Every structure is written in structure tokens, then in C-alpha cells.
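Student: You'll find target.txt just under this line, and it carries compact mmCIF, N, CA and C atoms.
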# COMPACT_ATOMS: atom_id res chain seq x y z
N MET A 19 -54.33 -7.09 -8.31
CA MET A 19 -53.70 -6.87 -9.58
C MET A 19 -52.55 -7.86 -9.73
N ASN A 20 -52.57 -8.61 -10.78
CA ASN A 20 -51.52 -9.60 -11.05
C ASN A 20 -50.34 -8.95 -11.76
N LYS A 21 -49.18 -9.17 -11.18
CA LYS A 21 -47.97 -8.68 -11.84
C LYS A 21 -47.40 -9.82 -12.66
N THR A 22 -47.08 -9.52 -13.86
CA THR A 22 -46.48 -10.55 -14.71
C THR A 22 -44.98 -10.40 -14.66
N LYS A 23 -44.31 -11.52 -14.63
CA LYS A 23 -42.86 -11.52 -14.65
C LYS A 23 -42.39 -11.25 -16.06
N PRO A 24 -41.34 -10.45 -16.18
CA PRO A 24 -40.81 -10.22 -17.53
C PRO A 24 -40.26 -11.54 -18.08
N LYS A 25 -40.49 -11.74 -19.35
CA LYS A 25 -40.00 -12.96 -19.98
C LYS A 25 -38.54 -12.79 -20.35
N ARG A 26 -37.78 -13.83 -20.13
CA ARG A 26 -36.38 -13.80 -20.52
C ARG A 26 -36.27 -14.04 -22.01
N ARG A 27 -35.35 -13.30 -22.58
CA ARG A 27 -35.08 -13.48 -24.00
C ARG A 27 -33.77 -14.19 -24.16
N MET A 28 -33.74 -15.18 -24.93
CA MET A 28 -32.51 -15.90 -25.24
C MET A 28 -32.01 -15.40 -26.59
N VAL A 29 -30.77 -14.92 -26.58
CA VAL A 29 -30.18 -14.41 -27.81
C VAL A 29 -28.93 -15.21 -28.10
N LYS A 30 -28.80 -15.65 -29.29
CA LYS A 30 -27.62 -16.41 -29.69
C LYS A 30 -26.53 -15.41 -30.07
N LEU A 31 -25.38 -15.52 -29.40
CA LEU A 31 -24.27 -14.62 -29.68
C LEU A 31 -23.47 -15.13 -30.88
N THR A 32 -22.96 -14.16 -31.61
CA THR A 32 -22.10 -14.53 -32.74
C THR A 32 -20.76 -14.98 -32.20
N ALA A 33 -19.95 -15.60 -33.06
CA ALA A 33 -18.61 -16.03 -32.66
C ALA A 33 -17.77 -14.84 -32.21
N GLU A 34 -17.92 -13.72 -32.88
CA GLU A 34 -17.18 -12.50 -32.52
C GLU A 34 -17.62 -11.99 -31.14
N GLN A 35 -18.92 -12.00 -30.88
CA GLN A 35 -19.44 -11.57 -29.57
C GLN A 35 -18.98 -12.50 -28.46
N MET A 36 -18.95 -13.80 -28.73
CA MET A 36 -18.47 -14.77 -27.73
C MET A 36 -16.99 -14.54 -27.42
N ALA A 37 -16.21 -14.27 -28.45
CA ALA A 37 -14.78 -14.01 -28.25
C ALA A 37 -14.60 -12.76 -27.38
N GLN A 38 -15.39 -11.71 -27.68
CA GLN A 38 -15.30 -10.48 -26.89
C GLN A 38 -15.74 -10.73 -25.45
N TRP A 39 -16.80 -11.52 -25.25
CA TRP A 39 -17.29 -11.85 -23.92
C TRP A 39 -16.22 -12.58 -23.12
N ARG A 40 -15.55 -13.55 -23.73
CA ARG A 40 -14.48 -14.29 -23.05
C ARG A 40 -13.32 -13.37 -22.68
N LYS A 41 -12.97 -12.48 -23.60
CA LYS A 41 -11.88 -11.53 -23.35
C LYS A 41 -12.25 -10.61 -22.17
N ASP A 42 -13.49 -10.13 -22.15
CA ASP A 42 -13.96 -9.28 -21.05
C ASP A 42 -13.93 -10.03 -19.72
N CYS A 43 -14.33 -11.29 -19.73
CA CYS A 43 -14.30 -12.10 -18.50
C CYS A 43 -12.88 -12.26 -17.98
N GLU A 44 -11.93 -12.45 -18.88
CA GLU A 44 -10.52 -12.58 -18.48
C GLU A 44 -10.01 -11.28 -17.86
N LEU A 45 -10.37 -10.16 -18.47
CA LEU A 45 -9.94 -8.86 -17.94
C LEU A 45 -10.52 -8.61 -16.55
N ILE A 46 -11.78 -8.96 -16.38
CA ILE A 46 -12.42 -8.80 -15.07
C ILE A 46 -11.73 -9.68 -14.03
N ALA A 47 -11.43 -10.92 -14.41
CA ALA A 47 -10.77 -11.85 -13.49
C ALA A 47 -9.39 -11.32 -13.09
N GLU A 48 -8.69 -10.65 -14.02
CA GLU A 48 -7.38 -10.07 -13.70
C GLU A 48 -7.50 -8.88 -12.75
N GLU A 49 -8.52 -8.06 -12.95
CA GLU A 49 -8.70 -6.85 -12.14
C GLU A 49 -9.27 -7.12 -10.76
N LEU A 50 -10.02 -8.17 -10.62
CA LEU A 50 -10.76 -8.42 -9.39
C LEU A 50 -9.90 -8.43 -8.12
N PRO A 51 -8.76 -9.15 -8.08
CA PRO A 51 -7.96 -9.13 -6.83
C PRO A 51 -7.50 -7.72 -6.44
N ASP A 52 -7.12 -6.90 -7.44
CA ASP A 52 -6.70 -5.53 -7.14
C ASP A 52 -7.87 -4.70 -6.60
N LEU A 53 -9.04 -4.89 -7.17
CA LEU A 53 -10.22 -4.16 -6.72
C LEU A 53 -10.62 -4.56 -5.30
N ILE A 54 -10.50 -5.84 -5.00
CA ILE A 54 -10.82 -6.32 -3.65
C ILE A 54 -9.83 -5.73 -2.64
N ALA A 55 -8.55 -5.71 -2.99
CA ALA A 55 -7.53 -5.14 -2.10
C ALA A 55 -7.75 -3.64 -1.90
N LYS A 56 -8.10 -2.94 -2.98
CA LYS A 56 -8.35 -1.49 -2.87
C LYS A 56 -9.56 -1.24 -1.99
N HIS A 57 -10.60 -2.03 -2.15
CA HIS A 57 -11.79 -1.89 -1.32
C HIS A 57 -11.45 -2.06 0.16
N GLN A 58 -10.60 -3.02 0.47
CA GLN A 58 -10.20 -3.24 1.86
C GLN A 58 -9.40 -2.05 2.40
N ARG A 59 -8.50 -1.48 1.56
CA ARG A 59 -7.74 -0.30 1.99
C ARG A 59 -8.67 0.87 2.26
N ILE A 60 -9.70 1.03 1.42
CA ILE A 60 -10.66 2.11 1.61
C ILE A 60 -11.42 1.91 2.93
N ARG A 61 -11.84 0.69 3.19
CA ARG A 61 -12.57 0.40 4.45
C ARG A 61 -11.68 0.64 5.66
N ASP A 62 -10.43 0.16 5.60
CA ASP A 62 -9.51 0.34 6.72
C ASP A 62 -9.26 1.82 6.99
N ALA A 63 -9.04 2.60 5.93
CA ALA A 63 -8.77 4.03 6.08
C ALA A 63 -9.99 4.75 6.67
N ALA A 64 -11.18 4.35 6.25
CA ALA A 64 -12.40 5.00 6.75
C ALA A 64 -12.67 4.65 8.21
N GLU A 65 -12.18 3.52 8.67
CA GLU A 65 -12.42 3.10 10.05
C GLU A 65 -11.43 3.69 11.05
N GLU A 66 -10.43 4.43 10.55
CA GLU A 66 -9.46 5.06 11.46
C GLU A 66 -10.20 5.98 12.42
N ARG A 67 -9.76 6.00 13.66
CA ARG A 67 -10.37 6.87 14.66
C ARG A 67 -9.60 8.19 14.70
N THR A 68 -9.60 8.87 13.57
CA THR A 68 -8.90 10.14 13.41
C THR A 68 -9.83 11.11 12.69
N HIS A 69 -9.40 12.37 12.58
CA HIS A 69 -10.16 13.34 11.80
C HIS A 69 -10.23 12.89 10.34
N SER A 70 -9.12 12.35 9.84
CA SER A 70 -9.10 11.89 8.45
C SER A 70 -10.10 10.75 8.25
N GLY A 71 -10.17 9.83 9.19
CA GLY A 71 -11.12 8.74 9.10
C GLY A 71 -12.55 9.25 9.13
N ALA A 72 -12.81 10.25 9.98
CA ALA A 72 -14.15 10.83 10.06
C ALA A 72 -14.50 11.54 8.75
N LEU A 73 -13.53 12.23 8.17
CA LEU A 73 -13.76 12.90 6.89
C LEU A 73 -14.04 11.87 5.79
N ARG A 74 -13.29 10.78 5.80
CA ARG A 74 -13.53 9.72 4.81
C ARG A 74 -14.94 9.15 4.95
N ARG A 75 -15.36 8.91 6.19
CA ARG A 75 -16.71 8.38 6.41
C ARG A 75 -17.77 9.37 5.93
N ALA A 76 -17.53 10.65 6.17
CA ALA A 76 -18.48 11.67 5.72
C ALA A 76 -18.55 11.72 4.19
N ILE A 77 -17.40 11.58 3.55
CA ILE A 77 -17.37 11.56 2.09
C ILE A 77 -18.15 10.36 1.57
N HIS A 78 -17.91 9.19 2.17
CA HIS A 78 -18.59 7.97 1.73
C HIS A 78 -20.10 8.05 1.96
N SER A 79 -20.52 8.69 3.03
CA SER A 79 -21.95 8.75 3.33
C SER A 79 -22.65 9.90 2.61
N SER A 80 -21.88 10.77 1.99
CA SER A 80 -22.45 11.89 1.26
C SER A 80 -23.15 11.39 -0.01
N LYS A 81 -24.15 12.13 -0.41
CA LYS A 81 -24.85 11.79 -1.64
C LYS A 81 -24.21 12.46 -2.85
N ILE A 82 -23.14 13.21 -2.62
CA ILE A 82 -22.44 13.89 -3.71
C ILE A 82 -21.52 12.89 -4.40
N LEU A 83 -21.60 12.82 -5.71
CA LEU A 83 -20.72 11.93 -6.47
C LEU A 83 -19.28 12.36 -6.26
N LEU A 84 -18.36 11.39 -6.19
CA LEU A 84 -16.96 11.70 -5.91
C LEU A 84 -16.37 12.66 -6.94
N HIS A 85 -16.71 12.46 -8.21
CA HIS A 85 -16.19 13.35 -9.25
C HIS A 85 -16.67 14.79 -9.01
N ASP A 86 -17.95 14.95 -8.65
CA ASP A 86 -18.48 16.28 -8.37
C ASP A 86 -17.87 16.87 -7.11
N LEU A 87 -17.66 16.04 -6.10
CA LEU A 87 -17.06 16.49 -4.86
C LEU A 87 -15.63 16.98 -5.09
N ALA A 88 -14.86 16.23 -5.86
CA ALA A 88 -13.49 16.63 -6.18
C ALA A 88 -13.50 17.96 -6.93
N SER A 89 -14.39 18.08 -7.89
CA SER A 89 -14.48 19.32 -8.66
C SER A 89 -14.85 20.50 -7.77
N ARG A 90 -15.85 20.33 -6.92
CA ARG A 90 -16.28 21.41 -6.04
C ARG A 90 -15.21 21.78 -5.02
N ALA A 91 -14.38 20.80 -4.62
CA ALA A 91 -13.30 21.06 -3.66
C ALA A 91 -12.03 21.55 -4.36
N ASP A 92 -12.13 21.76 -5.66
CA ASP A 92 -11.01 22.26 -6.47
C ASP A 92 -9.79 21.35 -6.38
N THR A 93 -10.04 20.05 -6.53
CA THR A 93 -8.96 19.06 -6.56
C THR A 93 -9.29 18.05 -7.66
N ASP A 94 -8.45 17.04 -7.81
CA ASP A 94 -8.71 16.04 -8.84
C ASP A 94 -9.07 14.70 -8.21
N MET A 95 -9.57 13.81 -9.02
CA MET A 95 -10.01 12.50 -8.54
C MET A 95 -8.84 11.68 -7.99
N THR A 96 -7.66 11.82 -8.57
CA THR A 96 -6.50 11.07 -8.10
C THR A 96 -6.17 11.45 -6.66
N THR A 97 -6.19 12.74 -6.38
CA THR A 97 -5.90 13.22 -5.02
C THR A 97 -6.95 12.70 -4.04
N LEU A 98 -8.21 12.79 -4.43
CA LEU A 98 -9.29 12.32 -3.57
C LEU A 98 -9.22 10.81 -3.37
N ASP A 99 -8.93 10.07 -4.44
CA ASP A 99 -8.82 8.62 -4.35
C ASP A 99 -7.64 8.22 -3.46
N ASP A 100 -6.51 8.91 -3.61
CA ASP A 100 -5.35 8.61 -2.76
C ASP A 100 -5.66 8.85 -1.29
N PHE A 101 -6.46 9.88 -1.00
CA PHE A 101 -6.86 10.14 0.38
C PHE A 101 -7.79 9.04 0.89
N LEU A 102 -8.79 8.68 0.08
CA LEU A 102 -9.77 7.69 0.51
C LEU A 102 -9.14 6.31 0.73
N THR A 103 -8.08 6.00 0.00
CA THR A 103 -7.41 4.71 0.18
C THR A 103 -6.32 4.79 1.26
N GLY A 104 -6.08 5.97 1.81
CA GLY A 104 -5.07 6.12 2.84
C GLY A 104 -3.66 6.23 2.29
N LYS A 105 -3.55 6.41 0.99
CA LYS A 105 -2.24 6.49 0.36
C LYS A 105 -1.56 7.83 0.63
N GLN A 106 -2.33 8.92 0.57
CA GLN A 106 -1.78 10.26 0.75
C GLN A 106 -2.74 11.11 1.59
N PRO A 107 -2.20 12.00 2.43
CA PRO A 107 -3.07 12.92 3.16
C PRO A 107 -3.51 14.06 2.24
N LEU A 108 -4.49 14.79 2.67
CA LEU A 108 -4.95 15.97 1.93
C LEU A 108 -4.30 17.22 2.51
N SER A 109 -4.19 18.24 1.68
CA SER A 109 -3.67 19.51 2.18
C SER A 109 -4.75 20.16 3.05
N SER A 110 -4.34 21.07 3.90
CA SER A 110 -5.28 21.76 4.78
C SER A 110 -6.34 22.50 3.99
N GLU A 111 -5.96 23.08 2.86
CA GLU A 111 -6.91 23.84 2.05
C GLU A 111 -8.02 22.93 1.52
N ILE A 112 -7.65 21.74 1.06
CA ILE A 112 -8.65 20.82 0.53
C ILE A 112 -9.54 20.31 1.66
N ILE A 113 -8.95 20.03 2.82
CA ILE A 113 -9.75 19.60 3.98
C ILE A 113 -10.76 20.68 4.33
N ASP A 114 -10.31 21.94 4.36
CA ASP A 114 -11.22 23.05 4.67
C ASP A 114 -12.37 23.12 3.67
N ARG A 115 -12.05 22.99 2.38
CA ARG A 115 -13.10 23.07 1.36
C ARG A 115 -14.07 21.89 1.48
N LEU A 116 -13.54 20.68 1.73
CA LEU A 116 -14.40 19.50 1.87
C LEU A 116 -15.32 19.63 3.09
N THR A 117 -14.79 20.09 4.21
CA THR A 117 -15.62 20.23 5.41
C THR A 117 -16.72 21.27 5.18
N LYS A 118 -16.42 22.31 4.42
CA LYS A 118 -17.43 23.32 4.12
C LYS A 118 -18.50 22.75 3.20
N ILE A 119 -18.08 22.04 2.14
CA ILE A 119 -19.03 21.43 1.19
C ILE A 119 -19.92 20.42 1.89
N LEU A 120 -19.33 19.60 2.75
CA LEU A 120 -20.07 18.54 3.44
C LEU A 120 -20.77 19.04 4.71
N LYS A 121 -20.57 20.33 5.01
CA LYS A 121 -21.18 20.97 6.19
C LYS A 121 -20.80 20.24 7.48
N LEU A 122 -19.49 20.03 7.64
CA LEU A 122 -18.97 19.33 8.82
C LEU A 122 -18.39 20.33 9.81
N THR A 123 -18.34 19.93 11.07
CA THR A 123 -17.69 20.71 12.11
C THR A 123 -16.60 19.85 12.71
N LEU A 124 -15.39 20.38 12.75
CA LEU A 124 -14.27 19.64 13.35
C LEU A 124 -14.19 19.94 14.83
N GLU A 125 -13.93 18.91 15.61
CA GLU A 125 -13.72 19.05 17.05
C GLU A 125 -12.31 18.59 17.36
N PRO A 126 -11.79 18.94 18.53
CA PRO A 126 -10.46 18.48 18.90
C PRO A 126 -10.40 16.95 18.89
N ALA A 127 -9.22 16.41 18.62
CA ALA A 127 -9.06 14.96 18.49
C ALA A 127 -9.44 14.21 19.77
N ASN A 128 -9.22 14.81 20.94
CA ASN A 128 -9.55 14.12 22.18
C ASN A 128 -11.03 14.22 22.54
N GLY A 129 -11.80 14.94 21.72
CA GLY A 129 -13.24 15.02 21.94
C GLY A 129 -13.65 16.07 22.95
N LYS A 130 -12.70 16.70 23.61
CA LYS A 130 -13.02 17.71 24.61
C LYS A 130 -12.75 19.09 24.01
N PRO A 131 -13.70 20.00 24.13
CA PRO A 131 -13.45 21.34 23.61
C PRO A 131 -12.36 22.03 24.41
N LYS A 132 -11.58 22.84 23.71
CA LYS A 132 -10.53 23.60 24.39
C LYS A 132 -11.16 24.69 25.23
N PRO A 133 -10.64 24.89 26.44
CA PRO A 133 -11.18 25.97 27.27
C PRO A 133 -10.84 27.33 26.64
N ARG A 134 -11.77 28.25 26.73
CA ARG A 134 -11.53 29.56 26.18
C ARG A 134 -10.75 30.40 27.19
N ARG A 135 -9.86 31.19 26.64
CA ARG A 135 -9.10 32.07 27.53
C ARG A 135 -9.97 33.24 27.95
N ALA A 136 -9.75 33.66 29.19
CA ALA A 136 -10.49 34.81 29.69
C ALA A 136 -9.98 36.07 28.97
N LYS A 137 -10.92 36.96 28.66
CA LYS A 137 -10.52 38.21 28.01
C LYS A 137 -9.86 39.12 29.03
N ALA A 138 -8.82 39.78 28.52
CA ALA A 138 -8.14 40.74 29.40
C ALA A 138 -9.00 41.99 29.54
N SER A 139 -9.11 42.50 30.76
CA SER A 139 -9.93 43.69 30.99
C SER A 139 -9.11 44.92 30.98
Write out the structure in this file as C-alpha cells.
Tutor:
Amino acid sequence: MNKTKPKRRMVKLTAEQMAQWRKDCELIAEELPDLIAKHQRIRDAAEERTHSGALRRAIHSSKILLHDLASRADTDMTTLDDFLTGKQPLSSEIIDRLTKILKLTLEPANGKPKPRRAKAS
């Protein structure tokens, strides 16, 4: 079966559309350095070898959209974004809700389970 390539359509833009396109390109060029820096902060925060870093990695690997995750965790996107960029920590309540939503289990930071105390007889 032969697959045909879609044909490209050439459309002539109006002067108004060209002006808008140039304006959009300028705005993108202005935003790009900030977006690149934010992306690096997000990567650095996710690579931390901490519980917070592990939670960030779980959030990033989740198939739940961030807006939906924030809503389900009863928080807002600004709070979640500040956490993901390493700007602000999350409250214990939000961490608890996120770990439940993402079905995560927290272990001690040193990786060794705490010994259980013997029951008094």
C-alpha cells in the first residue's frame, strides 16, 4: 500500500497577519530565556536526592495533568509550580494528599526501615 505524503499548502499572509506573526516571534524570543532557566530549575529540583526530589519525579512521571493533580490535591497551580521549581516546599497535608493520589510509599531518608519496638507484655 502506497502512502501519499500530504501536500504542503502555501498561503499568502496579509500585512496584518505578518505584523501579528512578527509581534508573536518577538514575544517568544523575550520569553525563551526565562523558560529555559525555569526548565533547568525544575530539572535540578527533581534530581535532588531527597523525599521532595522523589515526589517531584513521581509528579513528572505521572500521567495526571498538573492542573488536575493540583485540583485533586486541594491546592493551586502556583503552589504546585513553586514546589516543582524548588522555590517553596509543600505543606505536610499537601504532601500526604499527593502521595495518596500518586499511590506512593514514603521510606526513611536513609533508606533503612526503622526497627519496630517490642510490644510490652
Student: Give me, as a VMD selection string, all polymer residues having an atom no more than 12 Å from range 111-125 of chain A, counting only C-alpha atoms and skipping those fewer than 2 positions away in the same chain.
Tutor: chain A and resid 68 to 70 72 to 84 86 to 94 97 to 98 101 107 to 109 127 to 132
Student: DSSP on the backbone: which residues in range 22-53 of chain A end up as alpha helix (DSSP H)? Give the answer as a count of residues only.
Tutor: 21
Student: To test the calculation: enclose all listed atoms of range 22-28 of chain A in a box whose edges run along x, y and z, add 8 Å on each side, then state centre and edge lengths in Å to one decimal, as AutoDock Vina command-line options.
Tutor:
--center_x -39.5 --center_y -12.7 --center_z -20.2 --size_x 31.1 --size_y 22.4 --size_z 28.7
Student: How many Å lie between CA of His57 in chain A and CA of Asp100 in chain A, rounded to one decimal?
Tutor: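 Going from CA of His57 in chain A over to CA of Asp100 in chain A, I get 12.4 Å.
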Student: Rounded to one decimal in Å, what is the spacing between CA of Leu102 in chain A and CA of Glu66 in chain A?
Tutor: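 According to the coordinates, CA of Leu102 in chain A and CA of Glu66 in chain A are separated by 11.3 Å.
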Student: Would you mind reading off the distance between CA of Gln58 in chain A and CA of Asp42 in chain A, one decimal, in Å?
Tutor: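 Going from CA of Gln58 in chain A over to CA of Asp42 in chain A covers 24.0 Å.
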